file coords07.csv (CSV, C-alpha atoms)
chain,number,residue,atom,x,y,z
A,1,MET,CA,8.6,-5.6,-19.3
A,2,LEU,CA,10.5,-6.6,-22.5
A,3,ASP,CA,10.3,-3.1,-24.0
A,4,ALA,CA,13.6,-1.2,-24.4
A,5,PRO,CA,14.3,0.9,-21.3
A,6,ALA,CA,13.7,4.6,-21.5
A,7,PRO,CA,16.8,6.8,-21.8
A,8,MET,CA,17.9,8.3,-18.5
A,9,ASP,CA,17.1,11.8,-19.6
A,10,VAL,CA,13.5,10.7,-20.3
A,11,LEU,CA,13.2,9.1,-16.9
A,12,TYR,CA,14.7,12.2,-15.1
A,13,GLU,CA,12.2,14.4,-17.0
A,14,LYS,CA,9.4,12.5,-15.3
A,15,VAL,CA,10.8,13.1,-11.7
A,16,LYS,CA,12.7,16.4,-11.9
A,17,ARG,CA,10.1,18.2,-9.9
A,18,VAL,CA,10.6,15.8,-6.9
A,19,ILE,CA,14.3,14.7,-7.3
A,20,PRO,CA,16.8,17.5,-7.3
A,21,SER,CA,19.3,17.4,-10.2
A,22,VAL,CA,22.2,17.1,-7.8
A,23,GLU,CA,20.7,13.8,-6.4
A,24,TRP,CA,19.9,12.2,-9.8
A,25,PRO,CA,23.4,10.9,-10.6
A,26,VAL,CA,23.4,8.8,-7.4
A,27,PHE,CA,20.5,6.7,-8.8
A,28,VAL,CA,21.5,6.3,-12.4
A,29,GLU,CA,23.8,3.3,-12.2
A,30,ASP,CA,21.3,1.2,-10.1
A,31,ILE,CA,18.3,2.2,-12.4
A,32,ASP,CA,20.2,1.2,-15.5
A,33,ALA,CA,21.2,-2.1,-13.9
A,34,ILE,CA,17.7,-2.9,-12.7
A,35,LEU,CA,16.2,-2.2,-16.1
A,36,GLU,CA,18.6,-4.6,-17.7
A,37,LEU,CA,18.1,-7.2,-15.1
A,38,LYS,CA,14.3,-7.1,-15.6
A,39,ARG,CA,14.8,-7.8,-19.3
A,40,GLN,CA,17.3,-10.7,-18.6
A,41,ARG,CA,15.1,-12.3,-16.0
A,42,LYS,CA,11.7,-11.6,-17.5
A,43,ALA,CA,10.9,-9.9,-14.2
A,44,VAL,CA,8.2,-7.3,-13.3
A,45,ILE,CA,8.4,-4.9,-10.4
A,46,LEU,CA,5.3,-4.1,-8.4
A,47,ALA,CA,5.6,-0.9,-6.4
A,48,HIS,CA,3.3,0.5,-3.8
A,49,ASN,CA,2.3,4.1,-3.8
A,50,TYR,CA,4.5,4.7,-0.8
A,51,GLN,CA,7.7,3.9,-2.6
A,52,THR,CA,10.1,6.8,-3.3
A,53,PRO,CA,9.9,8.4,-6.8
A,54,GLU,CA,13.1,6.9,-8.2
A,55,ILE,CA,11.5,3.5,-7.6
A,56,PHE,CA,7.9,4.3,-8.3
A,57,HIS,CA,8.5,6.2,-11.6
A,58,CYS,CA,11.8,4.9,-12.9
A,59,VAL,CA,11.9,1.1,-12.4
A,60,ALA,CA,8.4,-0.1,-11.5
A,61,ASP,CA,6.2,-1.7,-14.1
A,62,ILE,CA,3.0,-1.8,-12.0
A,63,VAL,CA,2.2,0.7,-9.4
A,64,GLY,CA,-0.8,1.4,-7.1
A,65,ASP,CA,-2.4,0.7,-3.8
A,66,SER,CA,-2.8,-2.8,-2.2
A,67,LEU,CA,-5.9,-3.6,-4.2
A,68,ALA,CA,-4.4,-2.6,-7.5
A,69,LEU,CA,-1.2,-4.6,-6.9
A,70,ALA,CA,-3.2,-7.7,-5.8
A,71,ARG,CA,-5.4,-7.5,-8.9
A,72,LYS,CA,-2.5,-6.9,-11.3
A,73,ALA,CA,-0.2,-9.5,-9.6
A,74,ALA,CA,-2.9,-12.1,-10.4
A,75,GLY,CA,-2.6,-11.4,-14.1
A,76,THR,CA,1.1,-10.9,-14.8
A,77,GLU,CA,2.9,-13.2,-17.2
A,78,ALA,CA,6.4,-12.5,-15.8
A,79,ASP,CA,8.6,-15.3,-14.6
A,80,VAL,CA,9.7,-13.2,-11.6
A,81,ILE,CA,7.8,-10.8,-9.5
A,82,LEU,CA,9.7,-8.3,-7.3
A,83,LEU,CA,7.5,-6.5,-4.7
A,84,ALA,CA,8.7,-3.1,-3.9
A,85,GLY,CA,6.7,-2.8,-0.7
A,86,VAL,CA,6.3,-4.6,2.5
A,87,HIS,CA,6.2,-8.3,3.4
A,88,PHE,CA,2.5,-8.9,3.4
A,89,MET,CA,2.3,-7.5,-0.1
A,90,ALA,CA,4.9,-10.0,-1.3
A,91,GLU,CA,3.0,-12.8,0.4
A,92,THR,CA,-0.2,-11.7,-1.4
A,93,ALA,CA,1.6,-11.7,-4.7
A,94,LYS,CA,2.9,-15.2,-4.0
A,95,LEU,CA,-0.6,-16.4,-3.0
A,96,LEU,CA,-1.9,-15.3,-6.4
A,97,ASN,CA,1.1,-16.6,-8.3
A,98,PRO,CA,2.1,-19.9,-6.5
A,99,GLU,CA,4.2,-21.1,-9.5
A,100,LYS,CA,6.2,-17.9,-9.9
A,101,THR,CA,9.3,-16.6,-8.2
A,102,VAL,CA,8.3,-13.7,-5.9
A,103,LEU,CA,11.1,-11.6,-4.3
A,104,ILE,CA,11.2,-8.9,-1.7
A,105,PRO,CA,14.3,-6.8,-1.4
A,106,ASP,CA,14.3,-6.7,2.4
A,107,LEU,CA,12.8,-9.3,4.6
A,108,GLU,CA,12.6,-6.8,7.5
A,109,ALA,CA,10.1,-4.6,5.5
A,110,GLY,CA,7.2,-5.3,7.8
A,111,CYS,CA,4.0,-3.6,8.9
A,112,SER,CA,2.7,-2.5,12.3
A,113,LEU,CA,-0.7,-3.7,11.4
A,114,ALA,CA,0.4,-7.1,10.3
A,115,GLU,CA,2.4,-7.5,13.5
A,116,SER,CA,-0.7,-6.6,15.6
A,117,VAL,CA,-2.6,-9.8,15.1
A,118,THR,CA,-1.8,-13.5,14.9
A,119,ALA,CA,-3.6,-16.6,13.5
A,120,GLU,CA,-4.2,-17.6,17.1
A,121,ASP,CA,-5.9,-14.3,17.8
A,122,VAL,CA,-8.3,-15.0,14.9
A,123,ARG,CA,-9.1,-18.5,16.2
A,124,LEU,CA,-9.9,-17.0,19.6
A,125,LEU,CA,-12.2,-14.4,18.0
A,126,ARG,CA,-14.1,-17.2,16.3
A,127,GLN,CA,-14.6,-18.9,19.6
A,128,ARG,CA,-15.8,-15.7,21.2
A,129,PHE,CA,-18.0,-14.6,18.3
A,130,PRO,CA,-19.2,-17.9,16.7
A,131,GLY,CA,-20.8,-17.5,13.3
A,132,ILE,CA,-19.7,-13.9,12.8
A,133,PRO,CA,-17.8,-13.5,9.5
A,134,ILE,CA,-14.2,-12.3,9.8
A,135,VAL,CA,-13.1,-9.6,7.3
A,136,THR,CA,-9.3,-9.3,7.3
A,137,TYR,CA,-7.4,-6.3,5.9
A,138,VAL,CA,-4.7,-7.3,3.4
A,139,ASN,CA,-2.2,-5.7,5.8
A,140,THR,CA,-1.8,-9.1,7.5
A,141,SER,CA,0.2,-12.3,7.3
A,142,ALA,CA,-0.8,-15.2,5.1
A,143,ALA,CA,-1.4,-17.2,8.3
A,144,VAL,CA,-4.0,-14.6,9.5
A,145,LYS,CA,-5.6,-14.5,6.1
A,146,ALA,CA,-5.9,-18.3,6.2
A,147,GLU,CA,-8.1,-18.0,9.3
A,148,SER,CA,-10.4,-15.4,7.8
A,149,ASP,CA,-13.5,-15.5,5.6
A,150,ILE,CA,-12.5,-12.8,3.2
A,151,CYS,CA,-9.9,-10.1,2.8
A,152,CYS,CA,-10.4,-6.4,2.0
A,153,THR,CA,-8.3,-3.3,1.3
A,154,SER,CA,-8.9,0.3,2.3
A,155,GLY,CA,-10.3,0.8,-1.2
A,156,ASN,CA,-13.0,-1.9,-1.1
A,157,ALA,CA,-13.6,-2.4,2.6
A,158,ARG,CA,-17.2,-1.1,2.6
A,159,ALA,CA,-18.1,-3.1,-0.5
A,160,VAL,CA,-16.6,-6.3,1.1
A,161,VAL,CA,-18.4,-5.8,4.4
A,162,GLU,CA,-21.8,-5.1,2.7
A,163,SER,CA,-21.3,-8.0,0.2
A,164,LEU,CA,-21.6,-10.5,3.0
A,165,GLY,CA,-25.3,-9.7,3.6
A,166,VAL,CA,-25.0,-10.0,7.4
A,167,PRO,CA,-25.8,-7.6,10.2
A,168,ARG,CA,-22.5,-8.0,12.0
A,169,VAL,CA,-18.9,-8.6,11.0
A,170,ILE,CA,-15.5,-8.7,12.7
A,171,MET,CA,-12.9,-6.5,11.0
A,172,LEU,CA,-9.2,-6.7,11.7
A,173,PRO,CA,-6.6,-5.6,12.4
A,174,ASP,CA,-7.0,-1.8,11.9
A,175,GLU,CA,-9.3,-0.3,14.5
A,176,TYR,CA,-9.5,3.0,12.8
A,177,LEU,CA,-10.3,1.6,9.4
A,178,ALA,CA,-13.0,-0.6,11.0
A,179,ARG,CA,-14.5,2.4,12.8
A,180,ASN,CA,-14.4,4.6,9.7
A,181,ILE,CA,-16.2,1.9,7.7
A,182,ALA,CA,-18.7,1.3,10.4
A,183,ALA,CA,-19.7,5.0,10.1
A,184,GLU,CA,-20.5,4.5,6.4
A,185,THR,CA,-22.6,1.4,6.7
A,186,ASN,CA,-25.5,-0.1,8.7
A,187,VAL,CA,-23.5,-3.2,9.4
A,188,GLU,CA,-22.2,-3.5,12.9
A,189,VAL,CA,-18.4,-3.8,12.9
A,190,ILE,CA,-16.5,-5.4,15.7
A,191,ALA,CA,-13.0,-4.0,15.6
A,192,TRP,CA,-9.5,-5.2,16.6
A,193,THR,CA,-7.1,-2.8,18.1
A,194,GLY,CA,-4.2,-2.6,15.6
A,195,HIS,CA,-3.0,0.8,14.3
A,196,CYS,CA,-0.8,1.9,11.4
A,197,GLU,CA,2.2,3.6,13.0
A,198,VAL,CA,2.2,6.2,10.2
A,199,HIS,CA,-1.5,7.1,10.1
A,200,GLU,CA,-2.2,7.0,13.8
A,201,ARG,CA,0.1,10.0,14.3
A,202,PHE,CA,-2.2,12.4,12.3
A,203,THR,CA,-4.6,14.5,14.4
A,204,ALA,CA,-7.6,16.7,13.8
A,205,ASP,CA,-5.5,19.6,15.3
A,206,ASP,CA,-3.0,19.0,12.5
A,207,ILE,CA,-5.7,19.7,9.9
A,208,ARG,CA,-7.0,22.7,11.8
A,209,GLU,CA,-3.5,24.2,11.9
A,210,LEU,CA,-3.1,23.6,8.2
A,211,ARG,CA,-6.4,25.4,7.5
A,212,ASP,CA,-5.2,28.3,9.5
A,213,THR,CA,-2.0,28.7,7.4
A,214,HIS,CA,-3.6,27.6,4.0
A,215,PRO,CA,-7.3,28.7,4.1
A,216,ASP,CA,-8.0,27.1,0.7
A,217,ILE,CA,-6.3,23.8,1.3
A,218,ILE,CA,-8.1,20.5,0.5
A,219,VAL,CA,-7.5,17.8,3.0
A,220,LEU,CA,-7.5,14.1,1.8
A,221,ALA,CA,-7.2,11.5,4.6
A,222,HIS,CA,-6.5,7.8,4.4
A,223,PRO,CA,-9.1,5.7,6.3
A,224,GLU,CA,-6.4,4.2,8.5
A,225,CYS,CA,-6.3,7.7,10.2
A,226,PRO,CA,-8.3,8.2,13.4
A,227,PRO,CA,-12.0,8.8,12.9
A,228,GLU,CA,-11.7,12.4,14.1
A,229,VAL,CA,-9.1,13.1,11.3
A,230,VAL,CA,-11.4,11.5,8.7
A,231,THR,CA,-14.3,13.7,10.0
A,232,GLU,CA,-12.2,16.8,9.8
A,233,ALA,CA,-10.9,16.1,6.3
A,234,ASP,CA,-12.6,17.0,3.0
A,235,PHE,CA,-12.3,13.5,1.6
A,236,SER,CA,-11.3,10.1,2.8
A,237,GLY,CA,-10.1,7.2,0.6
A,238,SER,CA,-7.4,4.8,-0.3
A,239,THR,CA,-4.2,6.0,-1.8
A,240,ALA,CA,-5.7,5.2,-5.3
A,241,ALA,CA,-8.8,7.2,-4.4
A,242,MET,CA,-6.8,10.1,-3.2
A,243,SER,CA,-4.8,10.1,-6.4
A,244,ASP,CA,-8.0,10.0,-8.4
A,245,TYR,CA,-9.4,12.9,-6.5
A,246,VAL,CA,-6.4,15.1,-7.3
A,247,GLU,CA,-6.7,14.1,-11.0
A,248,ARG,CA,-10.5,14.9,-11.1
A,249,GLN,CA,-10.6,18.0,-8.9
A,250,LYS,CA,-7.2,19.5,-9.4
A,251,PRO,CA,-7.2,21.5,-6.2
A,252,ARG,CA,-4.9,24.5,-6.0
A,253,HIS,CA,-3.5,23.4,-2.6
A,254,VAL,CA,-3.9,19.9,-1.2
A,255,VAL,CA,-2.5,17.8,1.6
A,256,LEU,CA,-2.5,14.0,1.7
A,257,MET,CA,-2.8,12.7,5.2
A,258,THR,CA,-0.8,9.5,4.5
A,259,GLU,CA,2.8,8.3,4.0
A,260,CYS,CA,5.1,11.1,2.8
A,261,SER,CA,6.2,9.6,-0.6
A,262,MET,CA,2.7,9.4,-1.8
A,263,SER,CA,2.6,13.2,-2.3
A,264,ASP,CA,5.9,13.1,-4.3
A,265,ASN,CA,4.5,10.4,-6.6
A,266,VAL,CA,1.2,12.1,-7.2
A,267,ALA,CA,2.9,15.5,-7.7
A,268,VAL,CA,4.8,14.2,-10.7
A,269,ALA,CA,1.7,14.2,-12.8
A,270,HIS,CA,0.2,17.5,-11.4
A,271,PRO,CA,2.7,20.4,-11.8
A,272,ASP,CA,-0.1,23.0,-11.2
A,273,VAL,CA,-1.1,21.5,-7.8
A,274,GLU,CA,0.8,22.6,-4.7
A,275,PHE,CA,1.2,19.7,-2.3
A,276,VAL,CA,1.6,20.6,1.4
A,277,ARG,CA,3.5,17.7,3.0
A,278,PRO,CA,3.1,16.7,6.6
A,279,CYS,CA,5.9,14.2,6.2
A,280,ASN,CA,5.2,11.0,8.2
A,281,LEU,CA,7.4,8.3,6.8
A,282,CYS,CA,6.9,4.6,6.9
A,283,PRO,CA,10.2,3.0,8.2
A,284,HIS,CA,9.2,-0.3,6.6
A,285,MET,CA,8.5,1.1,3.1
A,286,LYS,CA,11.8,3.0,3.3
A,287,ARG,CA,13.7,-0.2,3.7
A,288,ILE,CA,13.2,-0.7,0.0
A,289,THR,CA,15.9,1.0,-2.1
A,290,LEU,CA,17.2,0.8,-5.6
A,291,ALA,CA,20.3,-0.9,-4.2
A,292,ASN,CA,18.5,-3.8,-2.6
A,293,ILE,CA,16.1,-4.1,-5.6
A,294,ARG,CA,19.2,-4.6,-7.8
A,295,ALA,CA,20.7,-7.1,-5.4
A,296,ALA,CA,17.4,-9.0,-5.1
A,297,LEU,CA,17.3,-9.4,-8.9
A,298,GLU,CA,21.0,-10.2,-9.2
A,299,GLU,CA,21.1,-12.8,-6.3
A,300,ASN,CA,17.5,-14.0,-6.4
A,301,ARG,CA,16.9,-12.8,-2.8
A,302,HIS,CA,14.7,-12.9,-0.8
A,303,GLU,CA,12.3,-15.4,-2.2
A,304,ILE,CA,8.9,-15.7,-0.6
A,305,SER,CA,7.6,-19.1,0.3
A,306,ILE,CA,4.3,-20.0,2.1
A,307,ASP,CA,3.3,-23.3,3.6
A,308,PRO,CA,1.0,-24.9,1.1
A,309,ARG,CA,-1.6,-25.7,3.8
A,310,ILE,CA,-1.7,-22.0,4.8
A,311,ALA,CA,-1.5,-20.8,1.2
A,312,ARG,CA,-4.6,-22.7,0.0
A,313,ARG,CA,-6.8,-21.2,2.7
A,314,ALA,CA,-5.3,-17.7,2.5
A,315,ARG,CA,-5.6,-17.7,-1.3
A,316,SER,CA,-9.3,-18.4,-0.9
A,317,ALA,CA,-9.8,-15.3,1.3
A,318,VAL,CA,-8.0,-13.1,-1.2
A,319,GLU,CA,-9.7,-14.5,-4.3
A,320,ARG,CA,-13.1,-14.1,-2.6
A,321,MET,CA,-12.2,-10.4,-2.2
A,322,LEU,CA,-11.1,-10.0,-5.8
A,323,ALA,CA,-14.3,-11.6,-7.1
A,324,ILE,CA,-16.3,-8.6,-5.7
call {"tool": "encode", "arguments": {"input": "coords07.csv", "output": "structure tokens"}}
result
Amino acid sequence: MLDAPAPMDVLYEKVKRVIPSVEWPVFVEDIDAILELKRQRKAVILAHNYQTPEIFHCVADIVGDSLALARKAAGTEADVILLAGVHFMAETAKLLNPEKTVLIPDLEAGCSLAESVTAEDVRLLRQRFPGIPIVTYVNTSAAVKAESDICCTSGNARAVVESLGVPRVIMLPDEYLARNIAAETNVEVIAWTGHCEVHERFTADDIRELRDTHPDIIVLAHPECPPEVVTEADFSGSTAAMSDYVERQKPRHVVLMTECSMSDNVAVAHPDVEFVRPCNLCPHMKRITLANIRAALEENRHEISIDPRIARRARSAVERMLAI
């Protein structure tokens, strides 16, 4: 984070396939200011794979899926962490860095999954299913994590479930992720009924129509998609796993059944791969912009704080996941 910023022409060279030259001048002033602010404040920017390319490739220091961001947040030496993502991700970074300043550019950058379950819901589940471990997706609030036994991401959910060594678990809040994991393991999975507002819109018919128009297309689906979509796809995995698949297999035509910006970000490194884009946007991720990243660093907004009583228990659930 203390290295000299790359010249603007070098940065544009990275993203020219996904950002038209006519749009680039709009971003330059904010990018330049953010790079300087990071140096001044000893700040690091963590960006999720769903961020737009001008954020993901031009100002972010650490990029990846939720698991990668959680792991790398735990090891950063920066004084300030800015999370270019949604609120639960910023909370997770704060849990793992309680002494550091953690900022999110927009407090309204939420998540339909996180909003689908409350701490009280988890307590009621414990009453209904006494003794059954509760595995909580990281796409939840710190308060929900605090009521859980262990967290998981889409990238490690099966490993987490099987690590518990029990015949039955509760998995929340994503119903489709729970059902997709249940299909891969002998562990019985009791699911909550939350859905991602981006991934629930994909259908198996979407895939069949794509295959009609692109017979050689390879379909990669996120496990937050409905089970029938995952069944119809050629591969299912986290955003990191999908990116790795493209890197390994280099398909001629590929479609990523996930948030739209993911295709742009992966396409930067794979000029020979044609990405077909069924563009489902996450309205929460798109609340993060260069302008509000700059403002957050300039004005120290919006700082994440978590009640210490909640943070201690939530941190335990996250750290237990990271230990696997």
call {"tool": "closest_residue", "arguments": {"input": "coords07.csv", "among": "A:Ile304, A:Leu172, A:Ala33, A:Ala68", "to": "Glu99 in chain A", "atoms": "all atoms listed in the file"}}
result
A:Ile304
call {"tool": "atom_distance", "arguments": {"input": "coords07.csv", "atom1": "CA of Asn186 in chain A", "atom2": "CA of Arg248 in chain A"}}
result
29.0 Å
call {"tool": "closest_atom_pairs", "arguments": {"input": "coords07.csv", "of": "range 260-283 of chain A", "to": "range 42-54 of chain A", "cutoff": "8 Å", "atoms": "all atoms listed in the file", "output": "Markdown table"}}
result
| residue | atom | partner | partner_atom | distance |
| --- | --- | --- | --- | --- |
| A:Cys260 | CA | A:Tyr50 | CA | 7.4 |
| A:Ser261 | CA | A:Tyr50 | CA | 5.2 |
| A:Met262 | CA | A:Tyr50 | CA | 5.1 |
| A:Asp264 | CA | A:Pro53 | CA | 6.7 |
| A:Asn265 | CA | A:Pro53 | CA | 5.8 |
call {"tool": "write_last_selection", "arguments": {"input": "coords07.csv", "atoms": "C-alpha atoms", "output": "PDB file, keeping the file's coordinate frame"}}
result
ATOM      1  CA  CYS A 260       5.100  11.100   2.800  1.00  0.00           C
ATOM      2  CA  SER A 261       6.200   9.600  -0.600  1.00  0.00           C
ATOM      3  CA  MET A 262       2.700   9.400  -1.800  1.00  0.00           C
ATOM      4  CA  ASP A 264       5.900  13.100  -4.300  1.00  0.00           C
ATOM      5  CA  ASN A 265       4.500  10.400  -6.600  1.00  0.00           C
TER       6      ASN A 265
END
call {"tool": "closest_residue", "arguments": {"input": "coords07.csv", "among": "A:Met8, A:Val276, A:Ala323, A:Leu297", "to": "Ala84 in chain A", "atoms": "only C-alpha atoms"}}
result
A:Leu297
call {"tool": "residues_around", "arguments": {"input": "coords07.csv", "residues": "range 189-195 of chain A", "least_positions_apart": "4", "cutoff": "12 Å", "atoms": "all atoms listed in the file", "output": "mmCIF file with C-alpha atoms, in the frame of the given file"}}
result
data_model
loop_
_atom_site.group_PDB
_atom_site.id
_atom_site.type_symbol
_atom_site.label_atom_id
_atom_site.label_comp_id
_atom_site.auth_asym_id
_atom_site.auth_seq_id
_atom_site.Cartn_x
_atom_site.Cartn_y
_atom_site.Cartn_z
ATOM 1 C CA CYS A 111 4.000 -3.600 8.900
ATOM 2 C CA SER A 112 2.700 -2.500 12.300
ATOM 3 C CA LEU A 113 -0.700 -3.700 11.400
ATOM 4 C CA ALA A 114 0.400 -7.100 10.300
ATOM 5 C CA GLU A 115 2.400 -7.500 13.500
ATOM 6 C CA SER A 116 -0.700 -6.600 15.600
ATOM 7 C CA VAL A 117 -2.600 -9.800 15.100
ATOM 8 C CA THR A 118 -1.800 -13.500 14.900
ATOM 9 C CA ASP A 121 -5.900 -14.300 17.800
ATOM 10 C CA VAL A 122 -8.300 -15.000 14.900
ATOM 11 C CA LEU A 125 -12.200 -14.400 18.000
ATOM 12 C CA ARG A 128 -15.800 -15.700 21.200
ATOM 13 C CA PHE A 129 -18.000 -14.600 18.300
ATOM 14 C CA ILE A 132 -19.700 -13.900 12.800
ATOM 15 C CA PRO A 133 -17.800 -13.500 9.500
ATOM 16 C CA ILE A 134 -14.200 -12.300 9.800
ATOM 17 C CA VAL A 135 -13.100 -9.600 7.300
ATOM 18 C CA THR A 136 -9.300 -9.300 7.300
ATOM 19 C CA TYR A 137 -7.400 -6.300 5.900
ATOM 20 C CA ASN A 139 -2.200 -5.700 5.800
ATOM 21 C CA THR A 140 -1.800 -9.100 7.500
ATOM 22 C CA ALA A 157 -13.600 -2.400 2.600
ATOM 23 C CA ARG A 158 -17.200 -1.100 2.600
ATOM 24 C CA VAL A 161 -18.400 -5.800 4.400
ATOM 25 C CA GLU A 162 -21.800 -5.100 2.700
ATOM 26 C CA VAL A 166 -25.000 -10.000 7.400
ATOM 27 C CA PRO A 167 -25.800 -7.600 10.200
ATOM 28 C CA ARG A 168 -22.500 -8.000 12.000
ATOM 29 C CA VAL A 169 -18.900 -8.600 11.000
ATOM 30 C CA ILE A 170 -15.500 -8.700 12.700
ATOM 31 C CA MET A 171 -12.900 -6.500 11.000
ATOM 32 C CA LEU A 172 -9.200 -6.700 11.700
ATOM 33 C CA PRO A 173 -6.600 -5.600 12.400
ATOM 34 C CA ASP A 174 -7.000 -1.800 11.900
ATOM 35 C CA GLU A 175 -9.300 -0.300 14.500
ATOM 36 C CA TYR A 176 -9.500 3.000 12.800
ATOM 37 C CA LEU A 177 -10.300 1.600 9.400
ATOM 38 C CA ALA A 178 -13.000 -0.600 11.000
ATOM 39 C CA ARG A 179 -14.500 2.400 12.800
ATOM 40 C CA ASN A 180 -14.400 4.600 9.700
ATOM 41 C CA ILE A 181 -16.200 1.900 7.700
ATOM 42 C CA ALA A 182 -18.700 1.300 10.400
ATOM 43 C CA ALA A 183 -19.700 5.000 10.100
ATOM 44 C CA GLU A 184 -20.500 4.500 6.400
ATOM 45 C CA THR A 185 -22.600 1.400 6.700
ATOM 46 C CA HIS A 199 -1.500 7.100 10.100
ATOM 47 C CA GLU A 200 -2.200 7.000 13.800
ATOM 48 C CA ARG A 201 0.100 10.000 14.300
ATOM 49 C CA PHE A 202 -2.200 12.400 12.300
ATOM 50 C CA PRO A 223 -9.100 5.700 6.300
ATOM 51 C CA GLU A 224 -6.400 4.200 8.500
ATOM 52 C CA CYS A 225 -6.300 7.700 10.200
ATOM 53 C CA PRO A 226 -8.300 8.200 13.400
#
call {"tool": "closest_residue", "arguments": {"input": "coords07.csv", "among": "A:Glu29, A:Asp234, A:Glu77, A:Glu298", "to": "Asp216 in chain A", "atoms": "only C-alpha atoms"}}
result
A:Asp234
call {"tool": "closest_residue", "arguments": {"input": "coords07.csv", "among": "A:Leu103, A:Val187, A:Leu95, A:Ile207", "to": "Val80 in chain A", "atoms": "only C-alpha atoms"}}
result
A:Leu103
call {"tool": "closest_residue", "arguments": {"input": "coords07.csv", "among": "A:Pro251, A:Ser316, A:Met285, A:Ile306", "to": "Asp106 in chain A", "atoms": "only C-alpha atoms"}}
result
A:Met285
call {"tool": "atom_distance", "arguments": {"input": "coords07.csv", "atom1": "CA of Ala159 in chain A", "atom2": "CA of His284 in chain A"}}
result
28.3 Å
call {"tool": "atom_distance", "arguments": {"input": "coords07.csv", "atom1": "CA of Val86 in chain A", "atom2": "CA of Val28 in chain A"}}
result
23.9 Å
call {"tool": "closest_residue", "arguments": {"input": "coords07.csv", "among": "A:Val318, A:Ala269, A:Leu83, A:Leu256", "to": "Glu147 in chain A", "atoms": "only C-alpha atoms"}}
result
A:Val318
call {"tool": "residues_around", "arguments": {"input": "coords07.csv", "residues": "Pro271 in chain A", "least_positions_apart": "5", "cutoff": "12 Å", "atoms": "only C-alpha atoms", "output": "list in words"}}
result
Lys14, Val15, Lys16, Arg17, Val18, Val246, Glu247, Lys250, Pro251, Arg252, His253, Ser263, Asp264, Asn265 and Val266 of chain A
call {"tool": "residues_near_point", "arguments": {"input": "coords07.csv", "point": "(3.1, -17.1, -8.5)", "cutoff": "10 Å", "atoms": "only C-alpha atoms", "output": "VMD selection string"}}
result
chain A and resid 73 to 81 91 to 102 304
call {"tool": "residues_near_point", "arguments": {"input": "coords07.csv", "point": "(18.7, -4.5, -13.0)", "cutoff": "9 Å", "atoms": "only C-alpha atoms", "output": "PyMOL selection string"}}
result
chain A and resi 30-40+59+293-295+297-298
call {"tool": "residues_around", "arguments": {"input": "coords07.csv", "residues": "Gly237 in chain A", "least_positions_apart": "3", "cutoff": "7 Å", "atoms": "all atoms listed in the file", "output": "list of chain:residue names"}}
result
A:Gly155, A:Ala221, A:His222, A:Pro223, A:Ala241, A:Met242
call {"tool": "decode", "arguments": {"input": "coords07.csv", "residues": "range 277-285 of chain A", "atoms": "N, CA, C and O atoms", "output": "mmCIF file, in the first residue's frame"}}
result
data_model
loop_
_atom_site.group_PDB
_atom_site.id
_atom_site.type_symbol
_atom_site.label_atom_id
_atom_site.label_comp_id
_atom_site.auth_asym_id
_atom_site.auth_seq_id
_atom_site.Cartn_x
_atom_site.Cartn_y
_atom_site.Cartn_z
ATOM 1 N N ARG A 277 -22.795 -12.416 -21.085
ATOM 2 C CA ARG A 277 -23.163 -11.783 -19.816
ATOM 3 C C ARG A 277 -24.682 -11.702 -19.622
ATOM 4 O O ARG A 277 -25.336 -10.856 -20.228
ATOM 5 N N PRO A 278 -25.243 -12.577 -18.781
ATOM 6 C CA PRO A 278 -26.631 -12.384 -18.360
ATOM 7 C C PRO A 278 -26.610 -11.396 -17.187
ATOM 8 O O PRO A 278 -26.334 -11.765 -16.058
ATOM 9 N N CYS A 279 -26.849 -10.128 -17.455
ATOM 10 C CA CYS A 279 -26.418 -9.082 -16.527
ATOM 11 C C CYS A 279 -27.398 -8.854 -15.382
ATOM 12 O O CYS A 279 -28.270 -7.979 -15.455
ATOM 13 N N ASN A 280 -27.277 -9.624 -14.322
ATOM 14 C CA ASN A 280 -28.013 -9.377 -13.090
ATOM 15 C C ASN A 280 -27.123 -8.575 -12.152
ATOM 16 O O ASN A 280 -26.073 -9.044 -11.727
ATOM 17 N N LEU A 281 -27.549 -7.371 -11.844
ATOM 18 C CA LEU A 281 -26.751 -6.475 -11.005
ATOM 19 C C LEU A 281 -27.198 -6.550 -9.549
ATOM 20 O O LEU A 281 -28.387 -6.687 -9.251
ATOM 21 N N CYS A 282 -26.232 -6.434 -8.640
ATOM 22 C CA CYS A 282 -26.556 -6.314 -7.216
ATOM 23 C C CYS A 282 -26.676 -4.826 -6.899
ATOM 24 O O CYS A 282 -25.687 -4.085 -6.977
ATOM 25 N N PRO A 283 -27.868 -4.350 -6.526
ATOM 26 C CA PRO A 283 -28.032 -2.920 -6.260
ATOM 27 C C PRO A 283 -27.217 -2.447 -5.072
ATOM 28 O O PRO A 283 -26.866 -1.260 -4.985
ATOM 29 N N HIS A 284 -26.905 -3.371 -4.153
ATOM 30 C CA HIS A 284 -26.133 -2.995 -2.957
ATOM 31 C C HIS A 284 -24.664 -2.814 -3.298
ATOM 32 O O HIS A 284 -24.025 -1.831 -2.901
ATOM 33 N N MET A 285 -24.103 -3.760 -4.056
ATOM 34 C CA MET A 285 -22.710 -3.620 -4.476
ATOM 35 C C MET A 285 -22.506 -2.362 -5.311
ATOM 36 O O MET A 285 -21.467 -1.691 -5.225
#
